[in-house]
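First comes the structure, then the notes that go with it.
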Amino acid sequence: MGTPENTQRQQLLPKQAQHSTGSPTSSPLIPTLRLHVLRLLSWVVPLALFLGVDFCFKKVFEAASIEFPSSLFVMFCMFAVLMVLDCVKPFAALALVKFFDPGVMFINRWLPLFYVPYLVVLPISIRDIPPSSAIKIGCIIVGGWLATLCVSGFTALAVRKAVKTEMIDPEPMEKPPPFSSIEFWSWTVVFLISFIMALLFPTALGTGARTCFLFYLASTVLGYIVGSGLPSKVKMIFHPVIFSLLLPNLVACAFGFLSKQGYDAALGFYLTESSSDPGAGDILLEFLGPVILSFAFSMFKQKTLMKRHAAEIFTSVIVSALFSLYSTAIVGRLVALDPSLTVSILPRCITVALALNIVSLFEGANLALTAAVVVATGLIGANFVQSALNILRLRDPIARGIAAASSSHGLATAALSAEEPEALPFSAIAYALTGIFGSLFCSIPAARQSLLAIAGWNG
């Protein structure tokens with residue numbers, strides 16, 4: 001057996017030998033590092049391709065003076081390619097989807113950040129809107145949401161009863177991972193260092209937008225991370241988007257006061273709308289194109305469901321999108337809302353990425369107001385969609401999913417899916433298709449002119 005001292009010495013000898021060779025402790029470092037690099041590249045490369053393709057087509061469409069949204073055109077092309085490959089070489093389609101999946105997951109994880117910029121600068125963008133007009137807009141948002149919910153839900157239910165298609169189990173939908181403490185503290189360090197450096201060396205990078213870029217970006221990200229970490233019941237009232245727009249505004253107040261520049265000037269560095277001197281908000285808005293491109297992969301994954309329930313989905317989406325656009329224009333005219341404001345809130349039920357595309361087709365529209373109205377509609381839906389559907393006695397999962405997305409887009413989709421996972425696929429499809437059809441319709445000059453005429457626009 002041996003003495004305890006000998007036994008202990010024998011146990012230590014192998015450890016000493018291992019430390020002397022260094023192989024057991026040092027060898028895992030390289031594979032681990034390689035794994036982290038590969039994980040990073042797995043989403044960076046697809047995201048870079050999304051951004052590059054979107055940028056190139058945007059320039060081509062601008063040079064050719066084509067009014068149709070370039071990102072929507074590319075999305076349709078990508079979806080068509082996937083469908084053709086699925087028929088000819090299914091393994092190639094699956095490989096393409098697998099390659100772009102990490103990039104799509106990155107977009108889904110950070111999606112709200114990409115439309116926050118116009119909300120952040122909202123305080124200085126809507127100062128010219130009279131209080132009476134603001135009250136009218138609020139009434140249109142609430143009443144319009146409920147009316148669209150009813151129209152889309154009962155349309156879906158009527159078609160469901162007519163076609164009587166039996167439901168099948170949908171493809172599982174992967175959810176983005178939660179944010180980690182490492183991410184929170186990393187962005188906190190970036191914010192503190194960049195904020196202090198901007199105060200100490202305000203002209204180090206040449207312009208205010210460049211100087212403030214990092215701490216504005218970090219404050220937007222931190223606001224979303226903090227908001228996402230709150231309990232579900234709290235998030236039903238205070239959506240993470242609210243924190244993403246509040247924190248940069250508080251930072252703008254602090255920076256404007258400490259630098260003696262004032263709040264307006266400091267906040268102006270967040271969104272410059274200048275390609276030669278972009279701020280943090282301008283960079284975030286560049287991701288709206290890739291958001292639209294990612295819809296091609298989302299729809300492709302649910303192609304079986306779309307085909308099986310095409311009648312319910314497409315009929316409801318088309319009816320609700322047209323109702324939302326025209327009812328907004330009609331009510332705006334009836335309550336004597338300024339036509340430019342009416343035009344700005346037309347796509348209230350369409351996701352921000354496509355809503356901004358739509359209003360950009362109308363001259364004189366207020367993009368910040370558009371983003372605010374769309375988010376407000378989504379927040380109303382996220383808080384009250386389930387209760388409203390229950391009161392309306394809409395029990396069918398397909399009708400509930402389509403009604404939630406068609407009336408209040410992605411925020412209501414996320415809220416409904418937490419409690420009713422069986423409605424999620426239909427809600428996700430309707431969420432994308434409502435925006436796509438609305439964009440297609442508004443790209444038709446005659447359709448735009450009809451909406452302008454109803455709204456009373458003479459400009």
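Simple scheme: letters A, B, ... for chains in structure tokens order, numbers from 1 for residues in each chain, numbers from 1 for ligands in the order shown.
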Contacts of Leu389 (chain A) at 9 Å or less, counting only C-alpha atoms, minus same-chain residues fewer than 2 places along, as an NGL selection string? :A and (149-150 or 153 or 384-387 or 391-395 or 400 or 403-404)
Selection export as a compact mmCIF listing (two decimals), in the first residue's frame, atoms kept: C-alpha atoms:
# COMPACT_ATOMS: atom_id res chain seq x y z
CA LEU A 149 -57.37 43.39 -35.81
CA CYS A 150 -61.07 42.72 -36.36
CA GLY A 153 -59.02 38.13 -37.79
CA PHE A 384 -53.64 43.94 -25.54
CA VAL A 385 -53.73 41.57 -28.53
CA GLN A 386 -54.54 38.42 -26.54
CA SER A 387 -57.28 40.09 -24.51
CA ILE A 391 -63.14 39.29 -26.37
CA LEU A 392 -63.74 38.94 -30.11
CA ARG A 393 -63.97 35.14 -29.59
CA LEU A 394 -61.35 34.39 -32.19
CA ARG A 395 -60.17 30.96 -31.03
CA ARG A 400 -55.21 34.67 -34.05
CA ALA A 403 -54.72 39.01 -36.85
CA ALA A 404 -51.92 39.79 -34.39
Find the nearest atom pair between each residue of region 258-343 of chain A and region 116-132 of chain A for residues within 9 Å, count only C-alpha atoms, give distances in Å to one decimal, sort rows by chain and ascending number, and present the table as JSON lines.
{"residue": "A:Asp264", "atom": "CA", "partner": "A:Ile124", "partner_atom": "CA", "distance": 7.1}
{"residue": "A:Leu267", "atom": "CA", "partner": "A:Val121", "partner_atom": "CA", "distance": 6.8}
{"residue": "A:Gly268", "atom": "CA", "partner": "A:Val121", "partner_atom": "CA", "distance": 7.7}
{"residue": "A:Tyr270", "atom": "CA", "partner": "A:Val121", "partner_atom": "CA", "distance": 7.8}
{"residue": "A:Leu271", "atom": "CA", "partner": "A:Pro117", "partner_atom": "CA", "distance": 6.9}
{"residue": "A:Ala280", "atom": "CA", "partner": "A:Pro117", "partner_atom": "CA", "distance": 8.2}
{"residue": "A:Gly281", "atom": "CA", "partner": "A:Pro117", "partner_atom": "CA", "distance": 4.8}
{"residue": "A:Asp282", "atom": "CA", "partner": "A:Pro117", "partner_atom": "CA", "distance": 7.4}
{"residue": "A:Leu284", "atom": "CA", "partner": "A:Pro117", "partner_atom": "CA", "distance": 7.2}
{"residue": "A:Leu285", "atom": "CA", "partner": "A:Pro117", "partner_atom": "CA", "distance": 7.1}
{"residue": "A:Leu341", "atom": "CA", "partner": "A:Ile129", "partner_atom": "CA", "distance": 8.7}
Output N, CA and C atoms for every residue in that selection, as a compact mmCIF listing (two decimals), in the first residue's frame.
# COMPACT_ATOMS: atom_id res chain seq x y z
N ASP A 264 -29.98 69.72 -28.02
CA ASP A 264 -30.30 69.60 -29.45
C ASP A 264 -29.06 69.30 -30.28
N LEU A 267 -27.78 65.71 -29.49
CA LEU A 267 -28.61 64.66 -30.08
C LEU A 267 -28.50 64.67 -31.60
N GLY A 268 -28.19 65.82 -32.17
CA GLY A 268 -28.02 65.91 -33.62
C GLY A 268 -26.87 65.07 -34.14
N TYR A 270 -26.33 62.08 -33.22
CA TYR A 270 -26.77 60.67 -33.24
C TYR A 270 -27.23 60.26 -34.62
N LEU A 271 -28.00 61.11 -35.28
CA LEU A 271 -28.52 60.80 -36.61
C LEU A 271 -28.30 62.02 -37.49
N ALA A 280 -24.13 57.23 -35.08
CA ALA A 280 -24.47 55.86 -34.68
C ALA A 280 -25.82 55.43 -35.25
N GLY A 281 -26.78 56.35 -35.25
CA GLY A 281 -28.10 56.04 -35.79
C GLY A 281 -28.09 55.73 -37.27
N ASP A 282 -27.26 56.45 -38.02
CA ASP A 282 -27.17 56.21 -39.46
C ASP A 282 -26.65 54.82 -39.76
N LEU A 284 -26.90 52.16 -37.78
CA LEU A 284 -27.93 51.18 -37.41
C LEU A 284 -29.01 51.09 -38.48
N LEU A 285 -29.36 52.22 -39.09
CA LEU A 285 -30.40 52.22 -40.13
C LEU A 285 -29.96 51.47 -41.38
N LEU A 341 -49.03 64.71 -42.32
CA LEU A 341 -49.02 63.82 -41.15
C LEU A 341 -49.79 62.54 -41.43
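What separates CA of Gly332 (chain A) from CA of Ile140 (chain A) is a distance of 7.7 Å.
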Need to verify the contact set: Pro397 (chain A), 9 Å, only C-alpha atoms, exclusion of same-chain residues closer than 3 positions in sequence. Can you return it as a ChimeraX atom specification? /A:394,400-402,420,422-424,426
Within region 196-384 of chain A, find each residue whose DSSP state, derived from the backbone, is helix (DSSP H, G or I), and express the selection as an NGL selection string. :A and (196-200 or 208-228 or 232-237 or 240-258 or 263-268 or 280-285 or 288-301 or 303-308 or 310-334 or 339-344 or 352-359 or 367-384)
Write the residues you've just listed into a file as a tab-separated table (two decimals), in the first residue's frame, and include C-alpha atoms for each of them.
chain	number	residue	atom	x	y	z
A	196	ILE	CA	-14.98	60.24	-21.20
A	197	MET	CA	-12.69	60.45	-24.24
A	198	ALA	CA	-15.31	62.46	-26.14
A	199	LEU	CA	-15.48	64.98	-23.28
A	200	LEU	CA	-11.70	65.24	-22.94
A	208	GLY	CA	-19.05	65.59	-33.50
A	209	ALA	CA	-20.73	62.56	-35.08
A	210	ARG	CA	-17.47	60.60	-35.15
A	211	THR	CA	-16.55	61.70	-31.63
A	212	CYS	CA	-19.92	60.64	-30.23
A	213	PHE	CA	-20.32	57.53	-32.39
A	214	LEU	CA	-19.12	54.87	-29.95
A	215	PHE	CA	-20.88	56.05	-26.80
A	216	TYR	CA	-24.16	56.62	-28.66
A	217	LEU	CA	-23.98	53.13	-30.18
A	218	ALA	CA	-23.08	51.62	-26.80
A	219	SER	CA	-25.91	53.44	-25.02
A	220	THR	CA	-28.44	52.19	-27.59
A	221	VAL	CA	-27.21	48.61	-27.24
A	222	LEU	CA	-27.09	48.81	-23.44
A	223	GLY	CA	-30.64	50.14	-23.30
A	224	TYR	CA	-31.86	47.15	-25.30
A	225	ILE	CA	-29.86	44.64	-23.24
A	226	VAL	CA	-31.18	46.08	-19.96
A	227	GLY	CA	-34.76	46.16	-21.26
A	228	SER	CA	-34.51	42.59	-22.55
A	232	SER	CA	-41.85	39.28	-18.92
A	233	LYS	CA	-44.70	41.10	-17.16
A	234	VAL	CA	-42.65	44.30	-17.00
A	235	LYS	CA	-41.68	43.99	-20.67
A	236	MET	CA	-45.36	43.82	-21.60
A	237	ILE	CA	-45.61	47.46	-20.48
A	240	PRO	CA	-36.96	46.92	-24.48
A	241	VAL	CA	-37.32	49.41	-27.36
A	242	ILE	CA	-38.34	52.07	-24.84
A	243	PHE	CA	-35.05	51.70	-22.98
A	244	SER	CA	-33.14	51.80	-26.27
A	245	LEU	CA	-34.55	55.24	-27.05
A	246	LEU	CA	-34.50	56.63	-23.50
A	247	LEU	CA	-30.86	55.89	-22.66
A	248	PRO	CA	-29.35	57.67	-25.71
A	249	ASN	CA	-31.55	60.69	-24.92
A	250	LEU	CA	-30.33	60.75	-21.31
A	251	VAL	CA	-26.78	60.45	-22.59
A	252	ALA	CA	-27.40	63.34	-25.03
A	253	CYS	CA	-28.64	65.47	-22.10
A	254	ALA	CA	-25.53	64.66	-20.07
A	255	PHE	CA	-23.10	65.18	-22.94
A	256	GLY	CA	-24.80	68.40	-24.04
A	257	PHE	CA	-24.64	69.78	-20.49
A	258	LEU	CA	-21.04	68.74	-19.76
A	263	TYR	CA	-29.24	68.89	-25.85
A	264	ASP	CA	-30.30	69.60	-29.45
A	265	ALA	CA	-26.76	69.84	-30.77
A	266	ALA	CA	-25.64	66.73	-28.89
A	267	LEU	CA	-28.61	64.66	-30.08
A	268	GLY	CA	-28.02	65.91	-33.62
A	280	ALA	CA	-24.47	55.86	-34.68
A	281	GLY	CA	-28.10	56.04	-35.79
A	282	ASP	CA	-27.17	56.21	-39.46
A	283	ILE	CA	-25.11	53.03	-39.18
A	284	LEU	CA	-27.93	51.18	-37.41
A	285	LEU	CA	-30.40	52.22	-40.13
A	288	LEU	CA	-32.87	47.77	-42.32
A	289	GLY	CA	-32.04	46.48	-45.82
A	290	PRO	CA	-30.61	43.18	-44.52
A	291	VAL	CA	-33.69	42.86	-42.27
A	292	ILE	CA	-35.86	42.77	-45.39
A	293	LEU	CA	-33.49	40.35	-47.14
A	294	SER	CA	-33.74	37.97	-44.18
A	295	PHE	CA	-37.48	37.61	-44.83
A	296	ALA	CA	-36.59	35.41	-47.83
A	297	PHE	CA	-35.14	32.76	-45.52
A	298	SER	CA	-37.94	33.06	-42.96
A	299	MET	CA	-40.58	32.48	-45.65
A	300	PHE	CA	-38.62	29.66	-47.25
A	301	LYS	CA	-38.49	27.77	-43.95
A	303	LYS	CA	-42.96	27.26	-47.42
A	304	THR	CA	-44.96	24.09	-46.64
A	305	LEU	CA	-47.19	25.99	-44.25
A	306	MET	CA	-47.59	28.88	-46.71
A	307	LYS	CA	-48.61	26.52	-49.47
A	308	ARG	CA	-51.05	24.56	-47.33
A	310	ALA	CA	-52.23	30.01	-48.79
A	311	ALA	CA	-55.91	30.93	-49.04
A	312	GLU	CA	-56.21	32.03	-45.40
A	313	ILE	CA	-52.84	33.76	-45.22
A	314	PHE	CA	-52.81	35.69	-48.51
A	315	THR	CA	-56.46	36.73	-48.43
A	316	SER	CA	-56.21	38.03	-44.87
A	317	VAL	CA	-52.90	39.82	-45.49
A	318	ILE	CA	-54.12	41.57	-48.64
A	319	VAL	CA	-57.44	42.62	-47.12
A	320	SER	CA	-55.90	43.86	-43.86
A	321	ALA	CA	-53.06	45.75	-45.59
A	322	LEU	CA	-55.46	47.56	-47.95
A	323	PHE	CA	-57.89	48.26	-45.11
A	324	SER	CA	-55.12	49.67	-42.92
A	325	LEU	CA	-53.76	52.00	-45.61
A	326	TYR	CA	-57.09	53.32	-46.89
A	327	SER	CA	-58.85	53.54	-43.51
A	328	THR	CA	-55.95	55.63	-42.18
A	329	ALA	CA	-56.16	57.98	-45.17
A	330	ILE	CA	-59.98	58.26	-44.85
A	331	VAL	CA	-60.02	58.88	-41.09
A	332	GLY	CA	-57.16	61.37	-41.38
A	333	ARG	CA	-59.20	63.32	-43.92
A	334	LEU	CA	-62.38	63.11	-41.81
A	339	PRO	CA	-52.17	65.61	-45.11
A	340	SER	CA	-48.41	65.37	-44.58
A	341	LEU	CA	-49.02	63.82	-41.15
A	342	THR	CA	-51.67	61.48	-42.54
A	343	VAL	CA	-49.23	60.26	-45.18
A	344	SER	CA	-46.56	59.76	-42.52
A	352	VAL	CA	-40.66	49.62	-39.48
A	353	ALA	CA	-38.12	48.40	-42.03
A	354	LEU	CA	-40.77	48.36	-44.77
A	355	ALA	CA	-42.86	51.24	-43.37
A	356	LEU	CA	-39.92	53.59	-43.82
A	357	ASN	CA	-39.50	52.31	-47.36
A	358	ILE	CA	-43.16	53.04	-48.05
A	359	VAL	CA	-43.25	56.61	-46.72
A	367	LEU	CA	-39.85	59.42	-41.09
A	368	ALA	CA	-39.42	59.91	-37.34
A	369	LEU	CA	-43.19	60.15	-36.91
A	370	THR	CA	-43.65	57.03	-39.04
A	371	ALA	CA	-41.27	55.03	-36.87
A	372	ALA	CA	-42.91	56.30	-33.69
A	373	VAL	CA	-46.45	55.46	-34.86
A	374	VAL	CA	-45.43	51.96	-36.01
A	375	VAL	CA	-43.72	51.20	-32.69
A	376	ALA	CA	-46.67	52.63	-30.72
A	377	THR	CA	-49.03	50.36	-32.70
A	378	GLY	CA	-46.78	47.40	-31.93
A	379	LEU	CA	-46.66	48.21	-28.23
A	380	ILE	CA	-50.47	48.44	-28.08
A	381	GLY	CA	-50.72	45.08	-29.83
A	382	ALA	CA	-48.09	43.48	-27.58
A	383	ASN	CA	-50.04	44.51	-24.48
A	384	PHE	CA	-53.64	43.94	-25.54
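Note that CA of Phe73 (chain A) and CA of Ile454 (chain A) are 28.1 Å apart.
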Using only C-alpha atoms, which residues of region 118-179 of chain A come within 9 Å of region 92-114 of chain A, and what is the closest atom pair for each, with the distance in Å to one decimal? Give it as a tab-separated table, sorted by chain and residue number.
residue	atom	partner	partner_atom	distance
A:Glu174	CA	A:Met105	CA	8.4
A:Lys175	CA	A:Met105	CA	8.0
A:Pro176	CA	A:Arg109	CA	5.3
A:Pro177	CA	A:Arg109	CA	7.6
A:Pro178	CA	A:Arg109	CA	8.5
Filtering to N, CA and C atoms, could you give me those residues as a compact mmCIF listing (two decimals), in the first residue's frame?
# COMPACT_ATOMS: atom_id res chain seq x y z
N GLU A 174 -36.39 28.63 -34.38
CA GLU A 174 -35.34 28.85 -33.39
C GLU A 174 -35.40 30.27 -32.85
N LYS A 175 -35.25 30.40 -31.53
CA LYS A 175 -35.27 31.71 -30.90
C LYS A 175 -33.85 32.18 -30.62
N PRO A 176 -33.59 33.49 -30.75
CA PRO A 176 -32.24 34.02 -30.46
C PRO A 176 -31.87 33.78 -29.01
N PRO A 177 -30.59 33.58 -28.71
CA PRO A 177 -30.17 33.35 -27.32
C PRO A 177 -30.28 34.63 -26.50
N PRO A 178 -30.45 34.52 -25.19
CA PRO A 178 -30.51 35.72 -24.33
C PRO A 178 -29.15 36.40 -24.24
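In this model, the gap between CA of Leu47 (chain A) and CA of Phe184 (chain A) comes to 22.1 Å.
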From the list A:Thr203, A:Thr351, A:Ser70, A:Asn366, which residue is nearest Gly435 (chain A) when using only C-alpha atoms? A:Thr351
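Minimum distance to Ile135 (chain A) across A:Cys87, A:Val335, A:Val81, A:Ala388 (counting only C-alpha atoms) occurs at A:Val335.
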